[in-house]
Amino acid sequence: MKIVTRFCLFLAFVAMAGSVMAGDPFIVKDIRLEGLQRTDPGAVFSNITVKVGDQFSDDQATDLVRELFKTGFFKDVRVGVDGYTLVINVQERPAVFEVSVIGSKVITEEQALEALSDMGLQQSTILDDSILQLAERELKNLYISQGKYGVEIVSTITPLERNRVAISFDVFEGRKARIKSISFVGNQAFSERQLLSEMSLYSGGVFGLFPSSKEYSRQKLEADLEEIRSLYLDQGYVDFDITSTQVLLSKDKEDVFLNVRISEGERFHFGAINIAGDRVVDHGELSQFVNIDAGDLFSKKQLSDVIEKIEARLGQDGYAYASVNAVPQRNAEDRTVGFSLYINAGRRIYVNRIDIVGNVVTRDEVIRRELRQLEGTWYSVSDINRSKQRLDLLGFFSEVRIDTRPIEGRDDQVDLEVSVLERQTGSLSLGVGYSSSDGVLLQLGLDQKNFMGTGNALGVNVSSGKINETYAVSYTNPYITDNGISRTYRLSKKDTDVTSLLVSSFQSSTYALNMEFGVPLTEYDRIFYGAGFEETELTIFSNSPVQYRDFVSKNGSKNMVIPISVGWSRDKRDSAFYPTEGTMQRFNAELSTPAGDLNYYTTVYKAEWYKPLSKNTTLHLEGNFAFSDDFDDKELPFYKHFYAGGGSSVRGYQASSIGPKNEFGESIGGKRRVLATGEWLFPFPGLEKDRSMRLAAFVDAGGVENNFDDVFSEMRYSTGVGFLWFSPLGPLRFSFAKALNDEATDRTEQFQFTLGTTF
């Protein structure tokens, strides 16, 4: 009976594993491997327990087969006996030669292949049927997370020579699921409309006009729920919780219905806030950053701002890894929550080395001279932040990152890696564009802000339009000295013909040569001074105003001036390319010297202010004040008058149409000008991370007269929306504006745009 049982078990083993073996136990004198192609024999021997000299019986065959199957290398294993030789015959699983994803749009092939690789399916791996099934399922889930609920994925295995296979995944994405409705349950403090305004997954309204804003994405939903959580936590709801989120699909899997259930809890106020822990910086000094009083409404953002400022202050003294742990003291009876801010300063750190990466064109020294954090000095958060800001202000890079890297075995040192992504800063170009004020524009020349990677700016431009024709050469070296003194040369010829505008008719031809120096006063302030030569030849017509004819009669049709200029700037913006925070001020004055034919001066002051209103929106305010006049009984040249109106000043009014006019209704400009703009800037819906596009809702104001009292009494106002796109073909600006208080003599223009291309 025992023999029959053993024989039956052995037959079952043969049926399961395909093994062939018979005979009594024997001493193994040799082990022979058959069928190996790629697998190293050592890998087989290391995974079996039977060795030469061991006694081998039928009972051990099952264990041997099981051990080899566990390796995952083989799809069939057979065990046999040839005399006293144990014969192991294997059939290897094929190796993956290539993996491809076809038809993917919402997810790039690189992203899909990376996800497959993380699951163990990539080139040179052994094909495993279970991993292939898992890959199909997980790849499908990846598309579902992007709202592609109707996705179909078909995998195909193509055998190749030498026991290899090519695996392709054909993706049929289908239509992306759209948000049909978003509803909330449990909200009392905020209306459903207020909560929806915090979400990027809009179900309707103005932004629902953009299809991408209604497409479902699990990642977007999670980010939106965090925005709603932040809204409540910033309004005192300490116990706020999102208890459930239901995502329901229509039968055709193309419509999504979202139901979010929330629990608001009670509203809390701040209790006392104390600073405790390490005293590497005096706690009295740190307490100045605690701008929260007991009784203030609890706000997680306000508390986080305090912690961030304290950590930044510790970082200024080299405590790079300092942390502040806010330990709450909750009082449920009076609904207050106080905090003890425990400081863990850690070790003081200094910077060992700074590496520059990502700069293909820009030289290392151009980047290093902007860094305020230096090698061999204490780590400083403020110096690192300022270094990043200065690199952003260069305008050479679309992205700047400064990362801290610990040094193995040195807990008091770190390396910094400055990573930049260069953007197009100019090239030898042919330009074609259109301006609603200047018509078709042709441009030929070289405009390189980062000439040969030196950080110097070279411009050689020829531009032609129906109003202006300009020939100009300029060269700026921002560092003629190590401390940042700059020098600029400009040579230009400009011909102007305003007869096609609603401006009093005249033509002018001006030759100019200027040299200007810039001297840094502080980290943010610079002064400018320079001198030049300028010669202007005028042509007037029979219909030109009496003032123009009188000027030419008194001063001649050709005038030469030797102007000197002074200026000052303070730039505290976070970026020159895409500002979201900070201020910028500029003042320029030009004075003609007695060495020339005319005596006059002009001054212009401009100020800008950016304030983030939310993560993606920014408030921009701008003011511009300009005035000019003559002295020593010399007349101010009429071609030095100021004008207003158009896409660059008061949108909604035709270019240069605001201000004094002659008897023919043509603008003659004025000696005083005031411009003001208020803009709400926000990204294009669905493209929040794209820094090349920006929308604006704006209000403009402006006026031109010969004294400021008249300027303010004759101000013109407009409102509208604008669009700016730094496209691959060049900057594109649109505005649609409505004049708010235009007079009968004003000329309005609702739609204005400027388009430029470089190729």
# chains A, B, ... in the order shown; residues from 1 in each chain; ligands from 1

call {"tool": "residues_around", "arguments": {"residues": "range 382-397 of chain A", "least_positions_apart": "6", "cutoff": "8 Å", "atoms": "only C-alpha atoms", "output": "VMD selection string"}}
result
chain A and resid 312 315 to 316 367 370 to 373 420 to 425 449 to 450 573 to 577

call {"tool": "residues_around", "arguments": {"residues": "Thr336 in chain A", "least_positions_apart": "2", "cutoff": "6 Å", "atoms": "only C-alpha atoms", "output": "list in words"}}
result
Phe268, His269, Phe270, Gly271, Asn331 and Asp334 of chain A

call {"tool": "select_by_dssp", "arguments": {"residues": "range 516-627 of chain A", "states": "helix (DSSP H, G or I)", "output": "PyMOL selection string"}}
result
chain A and resi 546-555

call {"tool": "write_last_selection", "arguments": {"atoms": "N, CA and C atoms", "output": "mmCIF file, in the first residue's frame"}}
result
data_model
loop_
_atom_site.group_PDB
_atom_site.id
_atom_site.type_symbol
_atom_site.label_atom_id
_atom_site.label_comp_id
_atom_site.auth_asym_id
_atom_site.auth_seq_id
_atom_site.Cartn_x
_atom_site.Cartn_y
_atom_site.Cartn_z
ATOM 1 N N VAL A 546 0.322 125.687 -35.808
ATOM 2 C CA VAL A 546 1.086 126.934 -35.744
ATOM 3 C C VAL A 546 2.268 126.778 -34.798
ATOM 4 N N GLN A 547 2.074 126.020 -33.674
ATOM 5 C CA GLN A 547 3.161 125.833 -32.716
ATOM 6 C C GLN A 547 4.373 125.174 -33.367
ATOM 7 N N TYR A 548 4.133 124.222 -34.259
ATOM 8 C CA TYR A 548 5.225 123.517 -34.912
ATOM 9 C C TYR A 548 5.958 124.449 -35.868
ATOM 10 N N ARG A 549 5.173 125.209 -36.633
ATOM 11 C CA ARG A 549 5.796 126.120 -37.603
ATOM 12 C C ARG A 549 6.570 127.219 -36.889
ATOM 13 N N ASP A 550 6.018 127.689 -35.760
ATOM 14 C CA ASP A 550 6.724 128.715 -34.997
ATOM 15 C C ASP A 550 8.028 128.170 -34.417
ATOM 16 N N PHE A 551 8.009 126.897 -33.959
ATOM 17 C CA PHE A 551 9.224 126.312 -33.400
ATOM 18 C C PHE A 551 10.319 126.239 -34.460
ATOM 19 N N VAL A 552 9.970 125.789 -35.658
ATOM 20 C CA VAL A 552 10.966 125.682 -36.727
ATOM 21 C C VAL A 552 11.445 127.063 -37.142
ATOM 22 N N SER A 553 10.521 128.028 -37.162
ATOM 23 C CA SER A 553 10.910 129.387 -37.536
ATOM 24 C C SER A 553 11.885 129.983 -36.515
ATOM 25 N N LYS A 554 11.686 129.654 -35.253
ATOM 26 C CA LYS A 554 12.526 130.224 -34.201
ATOM 27 C C LYS A 554 13.837 129.464 -34.022
ATOM 28 N N ASN A 555 13.792 128.114 -34.136
ATOM 29 C CA ASN A 555 14.958 127.293 -33.807
ATOM 30 C C ASN A 555 15.592 126.596 -34.996
#

call {"tool": "closest_residue", "arguments": {"among": "A:Arg733, A:Lys611, A:Arg175, A:Arg162", "to": "Tyr143 in chain A", "atoms": "only C-alpha atoms"}}
result
A:Arg175

call {"tool": "closest_residue", "arguments": {"among": "A:Ile356, A:Val366, A:Met199, A:Ala644", "to": "Leu675 in chain A", "atoms": "only C-alpha atoms"}}
result
A:Ala644

call {"tool": "closest_residue", "arguments": {"among": "A:Ser614, A:Ser287, A:Ser419, A:Thr245", "to": "Glu198 in chain A", "atoms": "only C-alpha atoms"}}
result
A:Ser614
